[in-house]
Structures are given as structure tokens and as C-alpha cells.
file protein07.txt (compact mmCIF, C-alpha atoms)
# COMPACT_ATOMS: atom_id res chain seq x y z
CA MET D 243 108.88 44.01 23.05
CA THR D 244 106.32 46.22 21.32
CA GLN D 245 106.91 49.80 20.25
CA ARG D 246 104.49 50.98 22.92
CA ALA D 247 106.41 49.11 25.63
CA TYR D 248 109.70 50.63 24.45
CA LEU D 249 108.30 54.13 24.67
CA GLN D 250 106.64 53.47 28.03
CA GLU D 251 110.02 52.57 29.52
CA ILE D 252 111.45 55.82 28.19
CA ARG D 253 108.52 57.79 29.60
CA ASP D 254 108.91 56.14 33.02
CA ALA D 255 112.65 56.82 33.27
CA LYS D 256 113.43 58.49 36.59
CA ARG D 257 117.20 59.01 36.50
CA ILE D 258 118.43 60.40 33.19
CA VAL D 259 121.92 61.19 31.94
CA ILE D 260 121.92 63.73 29.09
CA LYS D 261 125.00 64.24 26.94
CA VAL D 262 125.15 67.27 24.70
CA GLY D 263 127.87 67.60 22.09
CA THR D 264 129.91 70.49 20.78
CA SER D 265 127.98 70.61 17.51
CA THR D 266 124.73 71.12 19.43
CA LEU D 267 126.16 73.82 21.72
CA SER D 268 128.08 75.81 19.14
CA HIS D 269 127.57 77.80 15.98
CA LYS D 270 129.43 76.66 12.89
CA ASN D 271 132.19 79.17 13.62
CA GLY D 272 132.84 77.48 16.97
CA HIS D 273 131.35 80.16 19.20
CA LEU D 274 128.78 79.06 21.78
CA ASN D 275 125.13 79.10 20.69
CA LEU D 276 123.63 80.78 23.76
CA HIS D 277 120.07 80.55 22.46
CA ARG D 278 120.29 76.77 22.07
CA ILE D 279 121.99 76.40 25.45
CA ASP D 280 119.13 78.33 27.05
CA LEU D 281 116.55 76.07 25.37
CA LEU D 282 118.45 73.03 26.62
CA VAL D 283 118.63 74.41 30.17
CA ARG D 284 114.91 75.24 30.13
CA GLN D 285 113.98 71.69 29.11
CA ILE D 286 116.28 70.11 31.71
CA SER D 287 114.86 72.40 34.40
CA ASP D 288 111.34 71.43 33.45
CA LEU D 289 112.23 67.74 33.63
CA ALA D 290 113.73 68.34 37.09
CA ASN D 291 110.51 70.09 38.12
CA LYS D 292 108.63 66.94 37.10
CA GLY D 293 110.70 64.92 39.55
CA LYS D 294 113.31 63.55 37.14
CA GLU D 295 116.90 63.23 38.36
CA ILE D 296 119.13 64.74 35.69
CA LEU D 297 122.88 64.55 35.14
CA LEU D 298 124.29 66.65 32.31
CA VAL D 299 127.47 65.59 30.53
CA THR D 300 128.51 68.55 28.44
CA SER D 301 131.05 69.30 25.79
CA GLY D 302 131.93 72.88 24.99
CA ALA D 303 134.81 73.81 27.31
CA VAL D 304 137.36 73.90 24.50
CA GLY D 305 134.82 75.68 22.27
CA ALA D 306 134.21 78.32 24.95
CA GLY D 307 137.97 78.82 25.23
CA LEU D 308 138.30 79.15 21.47
CA SER D 309 135.53 81.73 21.43
CA LYS D 310 137.17 83.72 24.20
CA MET D 311 140.47 83.69 22.34
CA LYS D 312 138.76 84.43 19.01
CA ARG D 313 139.81 81.13 17.41
CA THR D 314 137.56 79.00 15.17
CA GLU D 315 139.59 75.81 14.61
CA ARG D 316 140.09 73.16 17.26
CA PRO D 317 143.71 72.93 18.45
CA GLN D 318 145.54 69.74 17.50
CA SER D 319 148.22 69.44 20.19
CA ILE D 320 147.37 68.14 23.66
CA PRO D 321 148.90 71.15 25.51
CA GLU D 322 146.81 73.54 23.40
CA LYS D 323 143.63 71.53 23.97
CA GLN D 324 144.30 71.56 27.70
CA ALA D 325 144.99 75.29 27.64
CA PHE D 326 141.76 76.13 25.81
CA ALA D 327 139.82 73.76 28.09
CA ALA D 328 141.25 75.58 31.10
CA ILE D 329 140.16 78.92 29.63
CA GLY D 330 136.71 77.70 28.66
CA GLN D 331 135.76 75.50 31.61
CA GLY D 332 134.97 78.38 33.94
CA ILE D 333 133.20 80.31 31.18
CA LEU D 334 130.98 77.34 30.33
CA LEU D 335 130.09 76.63 33.95
CA HIS D 336 129.29 80.30 34.56
CA ILE D 337 126.90 80.26 31.61
CA TYR D 338 125.18 77.11 32.85
CA GLU D 339 125.03 78.38 36.43
CA LYS D 340 123.50 81.69 35.36
CA MET D 341 120.93 80.08 33.05
CA PHE D 342 119.92 77.30 35.44
CA SER D 343 119.51 79.82 38.28
CA GLU D 344 116.96 81.65 36.13
CA TYR D 345 114.83 78.50 36.39
CA ASN D 346 115.54 78.04 40.12
CA GLN D 347 117.87 75.08 39.66
CA THR D 348 121.15 74.45 41.49
CA VAL D 349 124.06 72.93 39.61
CA ALA D 350 127.42 71.48 40.61
CA GLN D 351 130.51 70.99 38.49
CA VAL D 352 132.04 67.50 38.47
CA LEU D 353 135.28 66.90 36.56
CA LEU D 354 136.24 63.26 36.01
CA THR D 355 139.12 61.29 34.51
CA LYS D 356 139.39 57.61 33.74
CA GLU D 357 141.30 57.26 37.01
CA ASN D 358 137.97 57.85 38.78
CA SER D 359 136.58 54.69 37.20
CA ILE D 360 139.53 52.28 36.97
CA ASP D 361 140.18 52.33 40.73
CA TYR D 362 137.25 50.69 42.54
CA ARG D 363 137.46 52.97 45.57
CA GLN D 364 137.41 56.07 43.39
CA TYR D 365 134.59 54.52 41.36
CA MET D 366 132.52 54.14 44.53
CA ASN D 367 133.49 57.60 45.80
CA THR D 368 132.36 59.09 42.49
CA ARG D 369 129.10 57.17 42.69
CA ASN D 370 128.42 58.31 46.26
CA ALA D 371 129.19 61.94 45.42
CA LEU D 372 126.89 61.97 42.38
CA LEU D 373 124.04 60.21 44.18
CA THR D 374 124.34 62.65 47.09
CA LEU D 375 124.06 65.59 44.70
CA LEU D 376 120.95 64.05 43.15
CA SER D 377 119.43 63.48 46.60
CA LEU D 378 119.90 67.20 47.28
CA GLY D 379 118.04 68.11 44.10
CA VAL D 380 121.23 69.34 42.42
CA ILE D 381 121.96 68.87 38.70
CA PRO D 382 125.56 67.64 38.28
CA ILE D 383 127.29 69.14 35.24
CA ILE D 384 129.97 66.68 34.24
CA ASN D 385 132.96 66.86 31.95
CA GLU D 386 136.30 65.15 31.63
CA ASN D 387 139.09 67.01 33.36
CA ASP D 388 140.93 67.76 30.12
CA VAL D 389 143.22 70.26 31.80
CA VAL D 390 145.18 67.68 33.82
CA ALA D 391 144.28 64.32 32.25
CA ILE D 392 147.12 62.53 30.49
CA ASP D 393 146.59 60.24 27.51
CA GLU D 394 146.72 57.00 29.50
CA LEU D 395 143.98 58.26 31.83
CA LYS D 396 141.75 60.00 29.30
CA ILE D 397 138.31 58.64 28.58
CA GLY D 398 138.65 60.56 25.34
CA ASP D 399 135.11 61.47 24.34
CA ASN D 400 131.97 62.54 26.14
CA ASP D 401 129.80 59.84 24.55
CA THR D 402 131.82 57.23 26.43
CA LEU D 403 132.02 59.43 29.53
CA SER D 404 128.23 59.77 29.63
CA ALA D 405 127.79 56.01 29.30
CA ILE D 406 130.23 55.39 32.16
CA VAL D 407 128.38 57.96 34.28
CA SER D 408 125.07 56.23 33.51
CA VAL D 409 126.57 52.96 34.76
CA ILE D 410 128.04 54.55 37.89
CA VAL D 411 124.69 56.05 38.99
CA ASP D 412 122.41 53.21 37.78
CA ALA D 413 120.59 55.52 35.36
CA ASP D 414 117.36 54.48 33.67
CA LEU D 415 118.05 56.37 30.46
CA LEU D 416 120.98 57.89 28.58
CA ILE D 417 120.20 60.52 25.94
CA LEU D 418 122.92 61.50 23.46
CA LEU D 419 122.05 64.77 21.75
CA SER D 420 123.88 65.18 18.48
CA ASP D 421 123.56 66.94 15.12
CA ILE D 422 121.91 63.89 13.55
CA ASP D 423 118.47 62.34 14.07
CA GLY D 424 119.83 58.92 15.05
CA LEU D 425 121.53 55.90 13.50
CA TYR D 426 120.91 55.44 9.78
CA ASP D 427 121.52 52.37 7.65
CA LYS D 428 123.92 54.53 5.61
CA ASN D 429 125.39 58.02 5.86
CA PRO D 430 122.43 60.42 5.39
CA HIS D 431 124.80 63.22 4.36
CA GLN D 432 125.90 61.17 1.37
CA HIS D 433 122.84 59.04 0.55
CA ALA D 434 119.39 60.55 0.05
CA ASP D 435 117.75 57.14 0.50
CA ALA D 436 119.26 56.56 3.97
CA ASN D 437 116.74 55.20 6.47
CA LEU D 438 116.64 55.98 10.20
CA ILE D 439 116.77 52.87 12.40
CA PRO D 440 114.22 53.47 15.20
CA TYR D 441 115.02 50.51 17.52
CA ILE D 442 118.09 48.40 18.14
CA GLU D 443 118.09 45.45 20.52
CA GLU D 444 121.57 44.13 19.77
CA ILE D 445 124.67 45.85 18.46
CA THR D 446 125.88 43.44 15.79
CA PRO D 447 128.95 43.86 13.57
CA GLN D 448 126.53 44.96 10.84
CA ILE D 449 125.17 47.71 13.09
CA GLU D 450 128.72 48.82 13.90
CA GLU D 451 129.49 49.06 10.18
CA MET D 452 126.69 51.61 9.90
CA GLY D 453 128.50 53.82 12.42
CA GLY D 454 130.47 55.67 9.78
CA GLY D 455 133.38 57.99 10.49
CA ALA D 456 134.18 61.03 12.56
CA GLY D 457 131.83 63.90 13.26
CA THR D 458 132.04 67.60 12.48
CA LYS D 459 135.26 69.64 12.50
CA MET D 460 134.34 71.13 15.89
CA GLY D 461 133.38 67.83 17.56
CA THR D 462 135.43 64.71 18.26
CA GLY D 463 132.68 62.10 18.57
CA GLY D 464 131.26 60.41 15.49
CA MET D 465 128.65 57.67 15.40
CA LEU D 466 131.25 55.04 16.26
CA THR D 467 131.74 56.56 19.73
CA LYS D 468 127.97 56.61 20.18
CA LEU D 469 127.76 52.90 19.39
CA LYS D 470 130.56 52.30 21.89
CA ALA D 471 128.53 54.24 24.46
CA ALA D 472 125.44 52.21 23.56
CA LYS D 473 127.31 48.96 24.20
CA ILE D 474 128.26 50.16 27.66
CA ALA D 475 124.79 51.45 28.48
CA ILE D 476 122.59 48.60 27.28
CA SER D 477 124.88 45.93 28.75
CA SER D 478 124.39 47.64 32.12
CA GLY D 479 120.61 47.86 31.93
CA VAL D 480 120.41 51.47 30.70
CA ASN D 481 118.20 52.39 27.74
CA MET D 482 119.86 54.83 25.36
CA ILE D 483 118.61 57.24 22.72
CA ILE D 484 120.48 59.12 20.01
CA ALA D 485 118.49 62.20 19.00
CA ASN D 486 118.97 65.51 17.24
CA GLY D 487 119.74 68.25 19.75
CA GLU D 488 118.70 70.91 17.26
CA LYS D 489 115.08 69.74 17.20
CA GLN D 490 112.74 71.97 19.18
CA ASP D 491 111.83 70.62 22.65
CA VAL D 492 113.54 67.31 21.84
CA LEU D 493 114.03 66.39 25.51
CA MET D 494 110.41 67.07 26.38
CA HIS D 495 109.21 64.97 23.46
CA ILE D 496 111.48 62.09 24.51
CA ALA D 497 110.25 62.33 28.11
CA MET D 498 106.66 62.15 26.87
CA GLY D 499 107.44 58.86 25.15
CA GLN D 500 107.31 60.12 21.61
CA ASP D 501 109.02 58.09 18.89
CA ILE D 502 112.18 60.13 18.33
CA GLY D 503 115.68 59.18 17.24
CA THR D 504 117.17 55.72 17.68
CA ILE D 505 116.42 53.75 20.84
CA PHE D 506 118.95 51.17 22.04
CA LYS D 507 117.11 48.67 24.24
CA ALA D 508 118.72 47.81 27.56
CA ARG D 509 119.19 44.27 28.69
CA LYS D 510 116.58 43.17 31.18
CA THR D 511 118.75 42.85 34.27
CA HIS D 512 121.19 45.35 35.70
CA LEU D 513 124.73 44.18 36.22
CA ALA D 514 125.91 43.85 39.78
CA ARG D 515 127.83 46.99 40.74
CA ARG D 516 131.20 45.24 40.77
CA LYS D 517 130.53 43.73 37.35
CA SER D 518 129.64 47.12 35.94
CA TRP D 519 132.96 48.43 37.18
CA LEU D 520 134.78 45.35 35.92
CA ALA D 521 133.32 45.71 32.44
CA PHE D 522 133.32 49.45 31.86
CA GLY D 523 135.35 51.09 34.59
CA LYS D 524 138.47 49.03 35.05
CA GLN D 525 141.06 49.47 32.32
CA THR D 526 141.60 46.44 30.07
CA SER D 527 145.14 45.08 29.79
CA GLY D 528 144.86 42.71 26.83
CA SER D 529 142.64 40.32 24.92
CA ILE D 530 141.86 36.61 24.76
CA ILE D 531 140.63 35.11 21.49
CA VAL D 532 138.37 32.07 21.91
CA ASP D 533 137.15 29.51 19.39
CA SER D 534 133.61 29.48 17.99
CA GLY D 535 132.44 26.77 20.41
CA CYS D 536 133.56 28.77 23.43
CA ALA D 537 132.07 31.95 21.97
CA ASP D 538 128.69 30.24 21.53
CA ALA D 539 128.81 28.85 25.08
CA LEU D 540 129.53 32.33 26.41
CA LYS D 541 126.69 33.94 24.48
CA ASN D 542 124.14 31.21 25.25
CA SER D 543 124.89 30.38 28.87
CA GLY D 544 127.57 32.73 30.19
CA ALA D 545 129.90 29.79 30.85
CA SER D 546 133.34 30.19 32.38
CA ILE D 547 136.29 30.28 29.99
CA LEU D 548 138.54 27.22 30.02
CA ALA D 549 141.96 26.97 28.43
CA ALA D 550 140.68 24.38 25.94
CA GLY D 551 138.54 27.05 24.26
CA ILE D 552 141.29 29.66 23.94
CA VAL D 553 143.00 30.17 20.59
CA SER D 554 145.46 32.93 21.51
CA CYS D 555 145.94 36.02 23.64
CA LEU D 556 147.17 39.54 22.95
CA GLY D 557 148.98 41.93 25.25
CA ASP D 558 151.11 41.57 28.35
CA PHE D 559 149.00 41.12 31.47
CA VAL D 560 149.18 39.53 34.91
CA ALA D 561 146.74 37.43 36.91
CA GLY D 562 143.85 39.59 38.14
CA ASP D 563 143.94 42.01 35.21
CA THR D 564 140.80 42.66 33.17
CA VAL D 565 140.93 41.51 29.56
CA ARG D 566 138.63 41.59 26.54
CA VAL D 567 137.29 38.29 25.25
CA LEU D 568 137.06 38.19 21.47
CA ALA D 569 135.24 35.80 19.13
CA PRO D 570 137.13 34.42 16.10
CA ASN D 571 135.79 37.30 13.96
CA GLY D 572 137.22 39.89 16.36
CA GLU D 573 133.87 40.78 17.98
CA GLU D 574 134.17 41.62 21.67
CA ILE D 575 131.80 39.31 23.52
CA ALA D 576 132.88 39.63 27.16
CA ARG D 577 135.29 41.14 29.66
CA GLY D 578 136.66 39.50 32.74
CA ALA D 579 139.45 39.13 35.30
CA VAL D 580 141.97 36.41 34.40
CA ASN D 581 143.36 33.81 36.77
CA TYR D 582 146.60 33.45 34.78
CA ASP D 583 149.11 35.84 33.26
CA SER D 584 149.50 36.14 29.49
CA ALA D 585 152.67 34.04 29.35
CA THR D 586 150.96 31.13 31.09
CA ILE D 587 147.86 31.39 28.90
CA GLN D 588 150.07 31.12 25.81
CA ILE D 589 151.32 27.81 27.24
CA ILE D 590 147.97 26.31 28.33
CA LYS D 591 145.75 27.52 25.46
CA GLY D 592 143.94 24.64 23.80
CA HIS D 593 144.78 22.22 26.61
CA GLN D 594 142.60 20.43 29.17
CA THR D 595 142.97 21.37 32.84
CA SER D 596 144.24 17.85 33.62
CA GLU D 597 147.30 18.57 31.48
CA PHE D 598 148.34 21.70 33.40
CA PRO D 599 150.77 20.01 35.87
CA GLN D 600 152.88 18.86 32.91
CA LEU D 601 152.83 22.29 31.28
CA PHE D 602 153.79 24.69 34.11
CA SER D 603 154.42 24.87 37.84
CA GLY D 604 152.29 26.97 40.12
CA LYS D 605 148.75 27.25 41.43
CA ILE D 606 146.19 25.66 39.14
CA TYR D 607 142.76 27.12 38.45
CA GLU D 608 140.20 25.19 36.42
CA GLU D 609 138.95 28.36 34.76
CA VAL D 610 141.04 30.97 32.97
CA ILE D 611 138.17 33.39 33.63
CA HIS D 612 135.42 32.37 36.06
CA ARG D 613 131.88 33.32 35.10
CA ASN D 614 131.51 35.26 38.38
CA ASN D 615 134.38 37.52 37.32
CA MET D 616 133.11 38.09 33.80
CA VAL D 617 130.38 40.08 32.10
CA LEU D 618 128.97 39.61 28.61
CA ILE D 619 129.27 42.58 26.27
CA SER D 620 127.25 41.38 23.29
call {"tool": "encode", "arguments": {"input": "protein07.txt", "output": "C-alpha cells"}}
result
Amino acid sequence: MTQRAYLQEIRDAKRIVIKVGTSTLSHKNGHLNLHRIDLLVRQISDLANKGKEILLVTSGAVGAGLSKMKRTERPQSIPEKQAFAAIGQGILLHIYEKMFSEYNQTVAQVLLTKENSIDYRQYMNTRNALLTLLSLGVIPIINENDVVAIDELKIGDNDTLSAIVSVIVDADLLILLSDIDGLYDKNPHQHADANLIPYIEEITPQIEEMGGGAGTKMGTGGMLTKLKAAKIAISSGVNMIIANGEKQDVLMHIAMGQDIGTIFKARKTHLARRKSWLAFGKQTSGSIIVDSGCADALKNSGASILAAGIVSCLGDFVAGDTVRVLAPNGEEIARGAVNYDSATIQIIKGHQTSEFPQLFSGKIYEEVIHRNNMVLIS
């Protein structure tokens, strides 16, 4: 695809999820940057006036709580994080509500946890609620419900949350606003000769190595979480851009199709809704490692996974659970629902289906994971 075609798709995007991080919303001392928030709100309002459907995934609740309590360092313990999020959540929403109302926009607060995506009924309820808000011309302001979420049900970072939201609502574009211009071939803070990568069509292990480490002291999401978000988005048919939220009118320039940041190109076809949930909503319970021949068959033709191509499995899972499918080098290449539990897979791995009756008793399936219950990740 040509550069012009890439940018045309971005310009034509109708439904857009925008994620803004703590580093973009806050001063270096951790207090909210009201001027920058106002500029962000103005741009989003203008995009809404143009007929775009906007969902805003925002960090800043903990930062707002820290500011209120005159603290500058992020708390380390979970109870403290939850306490400051509880203090700051209302403050942050009040700021957004006041600023958006100045531009005649209505907003609604939506707090999510991973539980809203791992249960299919909750997944669909979340989807219906968000789409109804959009149909009413409302801008949903979304954050993880840090106040009550426990570790097992935490999404953990807003990059991933925004990608999951983009899948739930079938977004056309996901924009991650950060404190960096995009993905570089090396850390630009440490290497003056670092080059910005403008377009990425496939997230290879080499691309992941460029992700670097954690972000600023006030934020929790480094480039690695953005690449994780990109995997989710592009596998589900959503284009994604990483751009610098500190650049003037960055959202307007992106919407006009200007060459800004790093564009991650979506796959051509959207996943079926159930497959999107299977891949990126439902919690994974373990992993299956396949041999190189099986990995190639998956990548080239999306074939079902047979026991003969399985090398080993990790974790303790039961039939029907969702597992990660890993290539020999550890690269995640697919996710799917297994027909056998982990103990049985350890017995049948490397064997032909015809051998199963001699190996175990019970119902026999030809496939360990059927292609209809699997989605490719890379």
C-alpha cells in the first residue's frame, strides 16, 4: 500500500478511539496541565463537530488525586493507588465535563475492568452501551476502574485498555498520544541518530525489540505496552497511530491525513465479533508451543492445530479455555479455544489422531484447536 493510501484511510476514519497518557496530561511535578487538557478537548470537540465518533481513554485519575493531596510521586502500593484514583476520578471527570461543555459537547464516564471483556455477555453489554452513547452524540470518557479492580481482573495499562475498547466498538482508528513522536529504531533519548519509523505493517520480534523499557516516572506505559496495543488493534482491523500529544493540533493534523507519528497498518478484514472477544477479551489460561511446520501452516493458511504439531504446553487449563499458541522462538502467533485439557495435551502431543484411543479414554477430537475457534495474532 502506498503512503497516500495509508494516509487516506486515516483521513476517512469515522470512529476513533483516542488514548491520552499521564505524561501528556500532567506537568513534570505530577499536577494536571489544564492548558494542554483544554487544547485536547478543543480538538476532540472539533472532530466531533465534523461528524467523527470519538471515544476518549484517559489516564490522569491518580495524578489528579496526587495533585489534590499535594503529592508528586506515584504511590507504589495497590491500596494507595486505589485511594488516589478514588480521589482523582471525580476531579478529572469534572474538569473534562466543564471543558467539553464549553464546546457544546456531552460526555459520559465509563469505568471498565477486565471482567467486562472476559465474560462474553459483559463484553456485549459494554459494546451495546458504548455504541448507544455514540449514537446519541455523546463522547464516552473511559478509564479502568482502579478503585475496585483486583490484580487478577486488572487490564493494567490504558494503552491495552484503549486497544480493547477499539475492538469492542469496531473502531476505524486508534490514536495513542504519548510524550514521544512514535516508534524509533533505537531509544531517541539515548541515541541522537535514532530514526522514527513512519509505517509498520507487521510487528516482528525485531520491532518488539525496539520497544525499549518503561516510560516516565509519572506514567506506567512504555513503548512495550503500545506495541501490545498495536498487536490487538491491527489484528482486529483497526489502524493505530502513536503520536506526540505535546505537538500543537496533533489530532487535527492526523485527521487531515498528515504524515505524523508511527502508523500501524490494520489487517484487511475485521475479525468476527466472537473472534475478537476470543483473542483479546477472554483471559488466556496457558500456552501451547508448536513446531516450525505447524507455525508456518498457521501463518500461511490459518490451519487447525493438530496434536502432531505440538511440542509442549504450559499452564493448567481445561477444555474450552483460551490459550496462546507460540512458535518455537516464543513468538505468539495465535490464540484459540482448546478441545482438550492440558494434562491430555501433554499425553497426545506429537502423536497422530489415529493413535489417540491407545493413549487416553474419552471423547476424541481431530483438532486440538479448530481453525474456527482460533485467531491469528501475527
call {"tool": "residues_near_point", "arguments": {"input": "protein07.txt", "point": "(114.4, 56.8, 17.0)", "cutoff": "9 Å", "atoms": "all atoms listed in the file", "output": "list in words"}}
result
Asp423, Gly424, Leu425, Leu438, Ile439, Pro440, Tyr441, Ile483, Ile484, Ala485, Asp501, Ile502, Gly503, Thr504, Ile505 and Phe506 of chain D
call {"tool": "residues_around", "arguments": {"input": "protein07.txt", "residues": "Leu297 of chain D", "least_positions_apart": "4", "cutoff": "6 Å", "atoms": "only C-alpha atoms", "output": "VMD selection string"}}
result
chain D and resid 259 381 to 382
call {"tool": "closest_residue", "arguments": {"input": "protein07.txt", "among": "D:Asn387, D:Ser584, D:Thr526, D:Thr368", "to": "Ala328 of chain D", "atoms": "all atoms listed in the file"}}
result
D:Asn387
call {"tool": "closest_residue", "arguments": {"input": "protein07.txt", "among": "D:Asp401, D:Asp533, D:Glu443, D:Asp412", "to": "Leu469 of chain D", "atoms": "all atoms listed in the file"}}
result
D:Asp401
call {"tool": "residues_around", "arguments": {"input": "protein07.txt", "residues": "Met498 of chain D", "least_positions_apart": "5", "cutoff": "9 Å", "atoms": "all atoms listed in the file", "output": "VMD selection string"}}
result
chain D and resid 249 to 250 252 to 254 493
call {"tool": "atom_distance", "arguments": {"input": "protein07.txt", "atom1": "atom CA of Thr348 of chain D", "atom2": "atom CA of Glu488 of chain D"}}
result
24.6 Å
call {"tool": "residues_around", "arguments": {"input": "protein07.txt", "residues": "Arg613 of chain D", "least_positions_apart": "4", "cutoff": "8 Å", "atoms": "all atoms listed in the file", "output": "short mmCIF file (atom, residue, chain, number, x, y, z; two decimals) with C-alpha atoms, keeping the file's coordinate frame"}}
result
data_model
loop_
_atom_site.label_atom_id
_atom_site.label_comp_id
_atom_site.auth_asym_id
_atom_site.auth_seq_id
_atom_site.Cartn_x
_atom_site.Cartn_y
_atom_site.Cartn_z
CA GLY D 544 127.57 32.73 30.19
CA ALA D 545 129.90 29.79 30.85
CA SER D 546 133.34 30.19 32.38
CA ILE D 547 136.29 30.28 29.99
CA VAL D 617 130.38 40.08 32.10
#
call {"tool": "atom_distance", "arguments": {"input": "protein07.txt", "atom1": "atom CA of Gly562 of chain D", "atom2": "atom CA of Met616 of chain D"}}
result
11.7 Å
call {"tool": "atom_distance", "arguments": {"input": "protein07.txt", "atom1": "atom CA of Lys292 of chain D", "atom2": "atom CA of Ser343 of chain D"}}
result
16.9 Å
call {"tool": "residues_near_point", "arguments": {"input": "protein07.txt", "point": "(147.1, 21.9, 34.8)", "cutoff": "12 Å", "atoms": "only C-alpha atoms", "output": "short mmCIF file (atom, residue, chain, number, x, y, z; two decimals) with C-alpha atoms, in the coordinates of the input"}}
result
data_model
loop_
_atom_site.label_atom_id
_atom_site.label_comp_id
_atom_site.auth_asym_id
_atom_site.auth_seq_id
_atom_site.Cartn_x
_atom_site.Cartn_y
_atom_site.Cartn_z
CA LEU D 548 138.54 27.22 30.02
CA ALA D 549 141.96 26.97 28.43
CA ALA D 550 140.68 24.38 25.94
CA TYR D 582 146.60 33.45 34.78
CA THR D 586 150.96 31.13 31.09
CA ILE D 587 147.86 31.39 28.90
CA ILE D 589 151.32 27.81 27.24
CA ILE D 590 147.97 26.31 28.33
CA LYS D 591 145.75 27.52 25.46
CA GLY D 592 143.94 24.64 23.80
CA HIS D 593 144.78 22.22 26.61
CA GLN D 594 142.60 20.43 29.17
CA THR D 595 142.97 21.37 32.84
CA SER D 596 144.24 17.85 33.62
CA GLU D 597 147.30 18.57 31.48
CA PHE D 598 148.34 21.70 33.40
CA PRO D 599 150.77 20.01 35.87
CA GLN D 600 152.88 18.86 32.91
CA LEU D 601 152.83 22.29 31.28
CA PHE D 602 153.79 24.69 34.11
CA SER D 603 154.42 24.87 37.84
CA GLY D 604 152.29 26.97 40.12
CA LYS D 605 148.75 27.25 41.43
CA ILE D 606 146.19 25.66 39.14
CA TYR D 607 142.76 27.12 38.45
CA GLU D 608 140.20 25.19 36.42
CA GLU D 609 138.95 28.36 34.76
CA VAL D 610 141.04 30.97 32.97
#
call {"tool": "residues_around", "arguments": {"input": "protein07.txt", "residues": "segment 279-283 of chain D", "least_positions_apart": "2", "cutoff": "12 Å", "atoms": "all atoms listed in the file", "output": "VMD selection string"}}
result
chain D and resid 260 to 269 273 to 277 285 to 290 296 to 298 300 to 302 334 to 335 337 to 349 381 383 419 487 to 494
call {"tool": "closest_residue", "arguments": {"input": "protein07.txt", "among": "D:Glu574, D:Ile476, D:Arg278, D:Leu418", "to": "Ile496 of chain D", "atoms": "only C-alpha atoms"}}
result
D:Leu418
call {"tool": "closest_residue", "arguments": {"input": "protein07.txt", "among": "D:Ile575, D:Val407, D:Val304, D:Leu353", "to": "Glu322 of chain D", "atoms": "only C-alpha atoms"}}
result
D:Val304
call {"tool": "build_atoms", "arguments": {"input": "protein07.txt", "residues": "segment 614-620 of chain D", "atoms": "all heavy atoms", "output": "PDB file, in the coordinates of the input"}}
result
ATOM      1  N   ASN D 614     131.843  34.245  37.395  1.00  0.00           N
ATOM      2  CA  ASN D 614     131.510  35.260  38.380  1.00  0.00           C
ATOM      3  C   ASN D 614     132.372  36.518  38.248  1.00  0.00           C
ATOM      4  O   ASN D 614     132.041  37.564  38.794  1.00  0.00           O
ATOM      5  CB  ASN D 614     131.672  34.705  39.795  1.00  0.00           C
ATOM      6  CG  ASN D 614     130.627  33.664  40.136  1.00  0.00           C
ATOM      7  OD1 ASN D 614     129.603  33.563  39.449  1.00  0.00           O
ATOM      8  ND2 ASN D 614     130.871  32.877  41.168  1.00  0.00           N
ATOM      9  N   ASN D 615     133.486  36.378  37.537  1.00  0.00           N
ATOM     10  CA  ASN D 615     134.380  37.520  37.320  1.00  0.00           C
ATOM     11  C   ASN D 615     134.358  37.981  35.880  1.00  0.00           C
ATOM     12  O   ASN D 615     135.336  38.541  35.375  1.00  0.00           O
ATOM     13  CB  ASN D 615     135.824  37.142  37.722  1.00  0.00           C
ATOM     14  CG  ASN D 615     135.955  36.867  39.199  1.00  0.00           C
ATOM     15  OD1 ASN D 615     135.347  37.559  40.010  1.00  0.00           O
ATOM     16  ND2 ASN D 615     136.720  35.865  39.555  1.00  0.00           N
ATOM     17  N   MET D 616     133.215  37.771  35.210  1.00  0.00           N
ATOM     18  CA  MET D 616     133.110  38.090  33.800  1.00  0.00           C
ATOM     19  C   MET D 616     131.722  38.650  33.510  1.00  0.00           C
ATOM     20  O   MET D 616     130.746  38.292  34.164  1.00  0.00           O
ATOM     21  CB  MET D 616     133.350  36.813  32.978  1.00  0.00           C
ATOM     22  CG  MET D 616     133.253  36.981  31.469  1.00  0.00           C
ATOM     23  SD  MET D 616     133.784  35.481  30.612  1.00  0.00           S
ATOM     24  CE  MET D 616     132.682  34.264  31.344  1.00  0.00           C
ATOM     25  N   VAL D 617     131.649  39.522  32.523  1.00  0.00           N
ATOM     26  CA  VAL D 617     130.380  40.080  32.100  1.00  0.00           C
ATOM     27  C   VAL D 617     130.314  40.047  30.583  1.00  0.00           C
ATOM     28  O   VAL D 617     131.301  40.318  29.892  1.00  0.00           O
ATOM     29  CB  VAL D 617     130.191  41.525  32.619  1.00  0.00           C
ATOM     30  CG1 VAL D 617     131.282  42.443  32.110  1.00  0.00           C
ATOM     31  CG2 VAL D 617     128.829  42.063  32.232  1.00  0.00           C
ATOM     32  N   LEU D 618     129.158  39.655  30.044  1.00  0.00           N
ATOM     33  CA  LEU D 618     128.970  39.610  28.610  1.00  0.00           C
ATOM     34  C   LEU D 618     128.784  41.022  28.061  1.00  0.00           C
ATOM     35  O   LEU D 618     128.095  41.838  28.661  1.00  0.00           O
ATOM     36  CB  LEU D 618     127.758  38.756  28.254  1.00  0.00           C
ATOM     37  CG  LEU D 618     127.855  37.255  28.610  1.00  0.00           C
ATOM     38  CD1 LEU D 618     126.546  36.561  28.222  1.00  0.00           C
ATOM     39  CD2 LEU D 618     129.030  36.603  27.909  1.00  0.00           C
ATOM     40  N   ILE D 619     129.373  41.274  26.907  1.00  0.00           N
ATOM     41  CA  ILE D 619     129.270  42.580  26.270  1.00  0.00           C
ATOM     42  C   ILE D 619     128.260  42.549  25.144  1.00  0.00           C
ATOM     43  O   ILE D 619     127.543  43.517  24.898  1.00  0.00           O
ATOM     44  CB  ILE D 619     130.641  43.034  25.716  1.00  0.00           C
ATOM     45  CG1 ILE D 619     131.661  43.088  26.852  1.00  0.00           C
ATOM     46  CG2 ILE D 619     130.536  44.381  25.018  1.00  0.00           C
ATOM     47  CD1 ILE D 619     131.331  44.094  27.927  1.00  0.00           C
ATOM     48  N   SER D 620     128.186  41.458  24.412  1.00  0.00           N
ATOM     49  CA  SER D 620     127.250  41.380  23.290  1.00  0.00           C
ATOM     50  C   SER D 620     126.527  40.054  23.288  1.00  0.00           C
ATOM     51  O   SER D 620     126.798  39.199  24.109  1.00  0.00           O
ATOM     52  CB  SER D 620     127.993  41.557  21.952  1.00  0.00           C
ATOM     53  OG  SER D 620     128.908  40.516  21.748  1.00  0.00           O
TER      54      SER D 620
END
